[in-house]
Amino acid sequence: MKDVIIWGGAGHARVLREALPPSDFQVIAVFDNRPIPSPFPDVPIYLGQEGFHSWQASRTGAGQVHVCVAIGGSRGSDRLFLLEWLQQQGMQPLTVIHPRAFVASDAKIGKGAQILAMSAVCSNATLGCAVIVNTSASIDHDCVIGDGVHVGPGANLAGEVRVDEYAFIGAGAVVLPRLKIGRSAIVGAGAVVIRDVAADEVVVGNPATGL
């Protein structure tokens with residue numbers, strides 16, 4: 001059984017734990033930068049990097065510890081920073097694939113990615129590090145998804161879409177084929193994207209237009 005820690009103590013932590021088969025993984029600690037209660041009654045929570053170092057110093061086991069970063073929304077750069085920092089502390093990034101998700105045999109999945117229940121990652125898609133493909137989202141063939149991207153629940157990316165680092169695709173959004181979503185762009189919930197979206201641009205509506 002693999003020991004796992006989760007950084008982030010809100011709802012996404014519960015989603016991640018549910019995606020980890022209890023016969024294979026054991027969540028042993030939660031960390032958050034805010035003083036909040038643990039999302040799990042059987043797992044202690046620690047505050048920030050100071051709490052992490054205290055926990056690490058008190059560990060009695062010598063085995064490898066895996067880590068998931070439970071920070072969603074448009075905070076992809078924070079998620080990637082934490083994943084890399086925790087790796088420097090000796091933690092092993094865990095790629096989470098829910099048992100009820102579909103991932104094509106030729107898809108390429110980066111370290112620390114999270115592919116959640118009922119989602120699909122199709123043929124020849126490439127996902128970077130710390131990508132979230134949320135519940136019932138779909139990434140069609142030949143898409144290229146950059147580090148730290150979050151594809152929200154029920155969002156659909158058609159074939160050959162490119163999404164650059166840290167972009168956020170809101171719940172239920174649709175991106176038509178062969179379009180590009182720029183770095184740190186935000187596509188609002190339910191938007192239908194029919195043109196390229198520039199870096200840092202925010203688009204909403206059907207058809208999606210800038211704010």
# chains A, B, ... in the order shown; residues from 1 in each chain; ligands from 1

call {"tool": "residues_around", "arguments": {"residues": "Gln56 of chain A", "least_positions_apart": "5", "cutoff": "12 Å", "atoms": "only C-alpha atoms", "output": "list in words"}}
result
Ile5, Ile28, Ala29, Phe31, Tyr46, Gln49, Glu50, Gly51, Gly61, Ala62, Gln64, Val65, Leu86, Gln89, Gly90 and Met91 of chain A

call {"tool": "residues_around", "arguments": {"residues": "Gln92 of chain A", "least_positions_apart": "2", "cutoff": "6 Å", "atoms": "only C-alpha atoms", "output": "list in words"}}
result
His66, Val67 and Gln87 of chain A

call {"tool": "write_last_selection", "arguments": {"atoms": "N, CA, C and O atoms", "output": "compact mmCIF listing (two decimals), in the first residue's frame"}}
result
# COMPACT_ATOMS: atom_id res chain seq x y z
N HIS A 66 3.88 9.55 -1.56
CA HIS A 66 3.36 10.16 -2.77
C HIS A 66 2.52 11.38 -2.41
O HIS A 66 1.98 11.48 -1.30
N VAL A 67 2.38 12.31 -3.37
CA VAL A 67 1.69 13.55 -3.08
C VAL A 67 0.72 13.90 -4.19
O VAL A 67 1.01 13.71 -5.38
N GLN A 87 8.26 17.83 -4.49
CA GLN A 87 9.19 16.87 -5.06
C GLN A 87 10.61 17.13 -4.56
O GLN A 87 11.36 16.19 -4.28

call {"tool": "closest_residue", "arguments": {"among": "A:His150, A:Arg100, A:His12, A:Lys2", "to": "Ala167 of chain A", "atoms": "only C-alpha atoms"}}
result
A:His150

call {"tool": "select_by_dssp", "arguments": {"residues": "segment 40-166 of chain A", "states": "helix (DSSP H, G or I)", "output": "PyMOL selection string"}}
result
chain A and resi 48-58+76-88

call {"tool": "write_last_selection", "arguments": {"atoms": "C-alpha atoms", "output": "PDB file, in the first residue's frame"}}
result
ATOM      1  CA  GLY A  48       1.661  25.343   5.543  1.00  0.00           C
ATOM      2  CA  GLN A  49       5.320  24.672   4.920  1.00  0.00           C
ATOM      3  CA  GLU A  50       6.169  24.933   8.638  1.00  0.00           C
ATOM      4  CA  GLY A  51       3.616  22.233   9.390  1.00  0.00           C
ATOM      5  CA  PHE A  52       5.007  20.116   6.565  1.00  0.00           C
ATOM      6  CA  HIS A  53       8.550  20.298   7.922  1.00  0.00           C
ATOM      7  CA  SER A  54       7.311  19.415  11.439  1.00  0.00           C
ATOM      8  CA  TRP A  55       5.385  16.442  10.062  1.00  0.00           C
ATOM      9  CA  GLN A  56       8.350  15.330   7.976  1.00  0.00           C
ATOM     10  CA  ALA A  57      10.702  15.521  10.973  1.00  0.00           C
ATOM     11  CA  SER A  58       8.312  13.449  13.097  1.00  0.00           C
ATOM     12  CA  GLY A  76      -2.551  26.184 -12.021  1.00  0.00           C
ATOM     13  CA  SER A  77       0.722  28.001 -11.394  1.00  0.00           C
ATOM     14  CA  ASP A  78       0.266  27.522  -7.623  1.00  0.00           C
ATOM     15  CA  ARG A  79      -0.513  23.843  -8.154  1.00  0.00           C
ATOM     16  CA  LEU A  80       2.598  23.311 -10.253  1.00  0.00           C
ATOM     17  CA  PHE A  81       4.814  25.303  -7.842  1.00  0.00           C
ATOM     18  CA  LEU A  82       3.674  23.203  -4.890  1.00  0.00           C
ATOM     19  CA  LEU A  83       4.112  19.953  -6.791  1.00  0.00           C
ATOM     20  CA  GLU A  84       7.685  20.874  -7.712  1.00  0.00           C
ATOM     21  CA  TRP A  85       8.483  22.100  -4.183  1.00  0.00           C
ATOM     22  CA  LEU A  86       7.144  18.911  -2.629  1.00  0.00           C
ATOM     23  CA  GLN A  87       9.186  16.873  -5.065  1.00  0.00           C
ATOM     24  CA  GLN A  88      12.282  18.756  -3.875  1.00  0.00           C
TER      25      GLN A  88
END

call {"tool": "select_by_dssp", "arguments": {"residues": "segment 105-147 of chain A", "states": "strand (DSSP E)", "output": "ChimeraX atom specification"}}
result
/A:108-109,114-115,120-121,126-127,132-133,138-139,144-145

call {"tool": "write_last_selection", "arguments": {"atoms": "all heavy atoms", "output": "compact mmCIF listing (two decimals), in the first residue's frame"}}
result
# COMPACT_ATOMS: atom_id res chain seq x y z
N LYS A 108 -0.50 10.59 -23.53
CA LYS A 108 0.69 10.86 -22.72
C LYS A 108 0.26 11.74 -21.56
O LYS A 108 -0.27 12.83 -21.77
CB LYS A 108 1.77 11.53 -23.56
CG LYS A 108 2.18 10.72 -24.79
CD LYS A 108 3.12 11.50 -25.69
CE LYS A 108 3.45 10.74 -26.96
NZ LYS A 108 2.24 10.57 -27.84
N ILE A 109 0.52 11.28 -20.34
CA ILE A 109 0.02 11.94 -19.14
C ILE A 109 1.20 12.38 -18.28
O ILE A 109 2.05 11.56 -17.90
CB ILE A 109 -0.89 11.00 -18.32
CG1 ILE A 109 -1.96 10.36 -19.22
CG2 ILE A 109 -1.52 11.76 -17.17
CD1 ILE A 109 -2.90 11.33 -19.87
N GLN A 114 -4.39 14.77 -12.83
CA GLN A 114 -5.56 14.20 -12.15
C GLN A 114 -6.67 14.05 -13.19
O GLN A 114 -7.16 15.04 -13.74
CB GLN A 114 -6.01 15.12 -11.02
CG GLN A 114 -4.94 15.36 -9.98
CD GLN A 114 -5.24 16.53 -9.07
OE1 GLN A 114 -6.38 17.00 -9.01
NE2 GLN A 114 -4.24 17.00 -8.35
N ILE A 115 -7.09 12.82 -13.44
CA ILE A 115 -8.13 12.52 -14.43
C ILE A 115 -9.27 11.89 -13.65
O ILE A 115 -9.17 10.74 -13.19
CB ILE A 115 -7.58 11.60 -15.53
CG1 ILE A 115 -6.36 12.28 -16.19
CG2 ILE A 115 -8.64 11.31 -16.57
CD1 ILE A 115 -5.60 11.39 -17.14
N ALA A 120 -12.68 11.61 -20.01
CA ALA A 120 -12.06 10.87 -21.10
C ALA A 120 -10.87 11.64 -21.65
O ALA A 120 -10.96 12.85 -21.88
CB ALA A 120 -13.07 10.60 -22.22
N VAL A 121 -9.78 10.93 -21.86
CA VAL A 121 -8.60 11.48 -22.53
C VAL A 121 -8.34 10.56 -23.72
O VAL A 121 -7.98 9.39 -23.55
CB VAL A 121 -7.38 11.53 -21.59
CG1 VAL A 121 -6.16 12.06 -22.33
CG2 VAL A 121 -7.68 12.39 -20.36
N THR A 126 -1.96 14.73 -25.32
CA THR A 126 -0.79 14.93 -24.46
C THR A 126 -1.16 15.89 -23.35
O THR A 126 -1.59 17.02 -23.62
CB THR A 126 0.39 15.50 -25.26
OG1 THR A 126 0.75 14.58 -26.30
CG2 THR A 126 1.59 15.73 -24.35
N LEU A 127 -1.01 15.46 -22.10
CA LEU A 127 -1.29 16.29 -20.94
C LEU A 127 0.02 16.57 -20.20
O LEU A 127 0.81 15.65 -19.96
CB LEU A 127 -2.26 15.60 -19.98
CG LEU A 127 -3.76 15.71 -20.26
CD1 LEU A 127 -4.13 15.18 -21.63
CD2 LEU A 127 -4.56 15.00 -19.18
N ILE A 132 -5.53 19.06 -14.43
CA ILE A 132 -6.76 18.47 -13.91
C ILE A 132 -7.75 18.32 -15.05
O ILE A 132 -8.07 19.29 -15.74
CB ILE A 132 -7.38 19.34 -12.80
CG1 ILE A 132 -6.45 19.45 -11.59
CG2 ILE A 132 -8.74 18.77 -12.37
CD1 ILE A 132 -6.96 20.39 -10.51
N VAL A 133 -8.23 17.09 -15.25
CA VAL A 133 -9.36 16.83 -16.14
C VAL A 133 -10.50 16.44 -15.21
O VAL A 133 -10.56 15.31 -14.71
CB VAL A 133 -9.04 15.73 -17.16
CG1 VAL A 133 -10.23 15.51 -18.10
CG2 VAL A 133 -7.79 16.08 -17.96
N SER A 138 -14.00 15.98 -21.23
CA SER A 138 -13.41 15.15 -22.29
C SER A 138 -12.35 15.93 -23.06
O SER A 138 -12.53 17.10 -23.39
CB SER A 138 -14.48 14.62 -23.24
OG SER A 138 -15.11 15.68 -23.95
N ILE A 139 -11.25 15.23 -23.32
CA ILE A 139 -10.13 15.75 -24.10
C ILE A 139 -10.03 14.85 -25.33
O ILE A 139 -9.67 13.68 -25.23
CB ILE A 139 -8.80 15.68 -23.30
CG1 ILE A 139 -8.96 16.31 -21.91
CG2 ILE A 139 -7.68 16.32 -24.09
CD1 ILE A 139 -9.22 17.76 -21.90
N VAL A 144 -3.28 18.98 -27.08
CA VAL A 144 -2.04 19.21 -26.33
C VAL A 144 -2.38 20.16 -25.19
O VAL A 144 -2.75 21.32 -25.43
CB VAL A 144 -0.92 19.79 -27.21
CG1 VAL A 144 0.32 20.06 -26.37
CG2 VAL A 144 -0.61 18.83 -28.36
N ILE A 145 -2.26 19.68 -23.96
CA ILE A 145 -2.67 20.43 -22.78
C ILE A 145 -1.43 20.75 -21.95
O ILE A 145 -0.71 19.84 -21.51
CB ILE A 145 -3.67 19.61 -21.93
CG1 ILE A 145 -4.79 19.03 -22.81
CG2 ILE A 145 -4.23 20.46 -20.81
CD1 ILE A 145 -5.62 20.06 -23.54

call {"tool": "atom_distance", "arguments": {"atom1": "atom CA of Gly8 of chain A", "atom2": "atom CA of Asp32 of chain A"}}
result
4.8 Å

call {"tool": "closest_residue", "arguments": {"among": "A:Phe25, A:Phe40, A:Phe168, A:Trp7", "to": "Pro153 of chain A", "atoms": "only C-alpha atoms"}}
result
A:Phe168

call {"tool": "residues_around", "arguments": {"residues": "Leu211 of chain A", "least_positions_apart": "3", "cutoff": "12 Å", "atoms": "only C-alpha atoms", "output": "PyMOL selection string"}}
result
chain A and resi 185-188+197+200-205+208

call {"tool": "residues_around", "arguments": {"residues": "Arg195 of chain A", "least_positions_apart": "5", "cutoff": "10 Å", "atoms": "only C-alpha atoms", "output": "ChimeraX atom specification"}}
result
/A:175-181,207-209

call {"tool": "write_last_selection", "arguments": {"atoms": "N, CA and C atoms", "output": "JSON list (two decimals), in the first residue's frame"}}
result
[["chain", "number", "residue", "atom", "x", "y", "z"],
["A", 175, "VAL", "N", -14.88, 23.73, -26.63],
["A", 175, "VAL", "CA", -13.85, 24.34, -27.48],
["A", 175, "VAL", "C", -13.83, 23.56, -28.79],
["A", 176, "LEU", "N", -14.06, 24.26, -29.90],
["A", 176, "LEU", "CA", -14.15, 23.61, -31.20],
["A", 176, "LEU", "C", -12.77, 23.19, -31.71],
["A", 177, "PRO", "N", -12.74, 22.32, -32.73],
["A", 177, "PRO", "CA", -11.46, 21.71, -33.14],
["A", 177, "PRO", "C", -10.40, 22.71, -33.59],
["A", 178, "ARG", "N", -9.15, 22.33, -33.31],
["A", 178, "ARG", "CA", -7.95, 22.99, -33.84],
["A", 178, "ARG", "C", -7.78, 24.43, -33.38],
["A", 179, "LEU", "N", -8.41, 24.78, -32.28],
["A", 179, "LEU", "CA", -8.24, 26.12, -31.72],
["A", 179, "LEU", "C", -7.14, 26.12, -30.66],
["A", 180, "LYS", "N", -6.69, 27.33, -30.31],
["A", 180, "LYS", "CA", -5.67, 27.47, -29.28],
["A", 180, "LYS", "C", -6.19, 28.36, -28.16],
["A", 181, "ILE", "N", -6.00, 27.90, -26.92],
["A", 181, "ILE", "CA", -6.31, 28.67, -25.73],
["A", 181, "ILE", "C", -4.98, 29.09, -25.12],
["A", 207, "PRO", "N", -21.58, 32.68, -29.00],
["A", 207, "PRO", "CA", -20.16, 32.29, -29.04],
["A", 207, "PRO", "C", -19.35, 33.09, -28.01],
["A", 208, "ALA", "N", -18.24, 32.52, -27.58],
["A", 208, "ALA", "CA", -17.44, 33.15, -26.53],
["A", 208, "ALA", "C", -16.80, 34.45, -27.02],
["A", 209, "THR", "N", -16.94, 35.47, -26.23],
["A", 209, "THR", "CA", -16.31, 36.76, -26.52],
["A", 209, "THR", "C", -15.59, 37.27, -25.27]]

call {"tool": "closest_residue", "arguments": {"among": "A:Asn156, A:Thr95, A:Val15, A:Ile71", "to": "Ala117 of chain A", "atoms": "only C-alpha atoms"}}
result
A:Val15
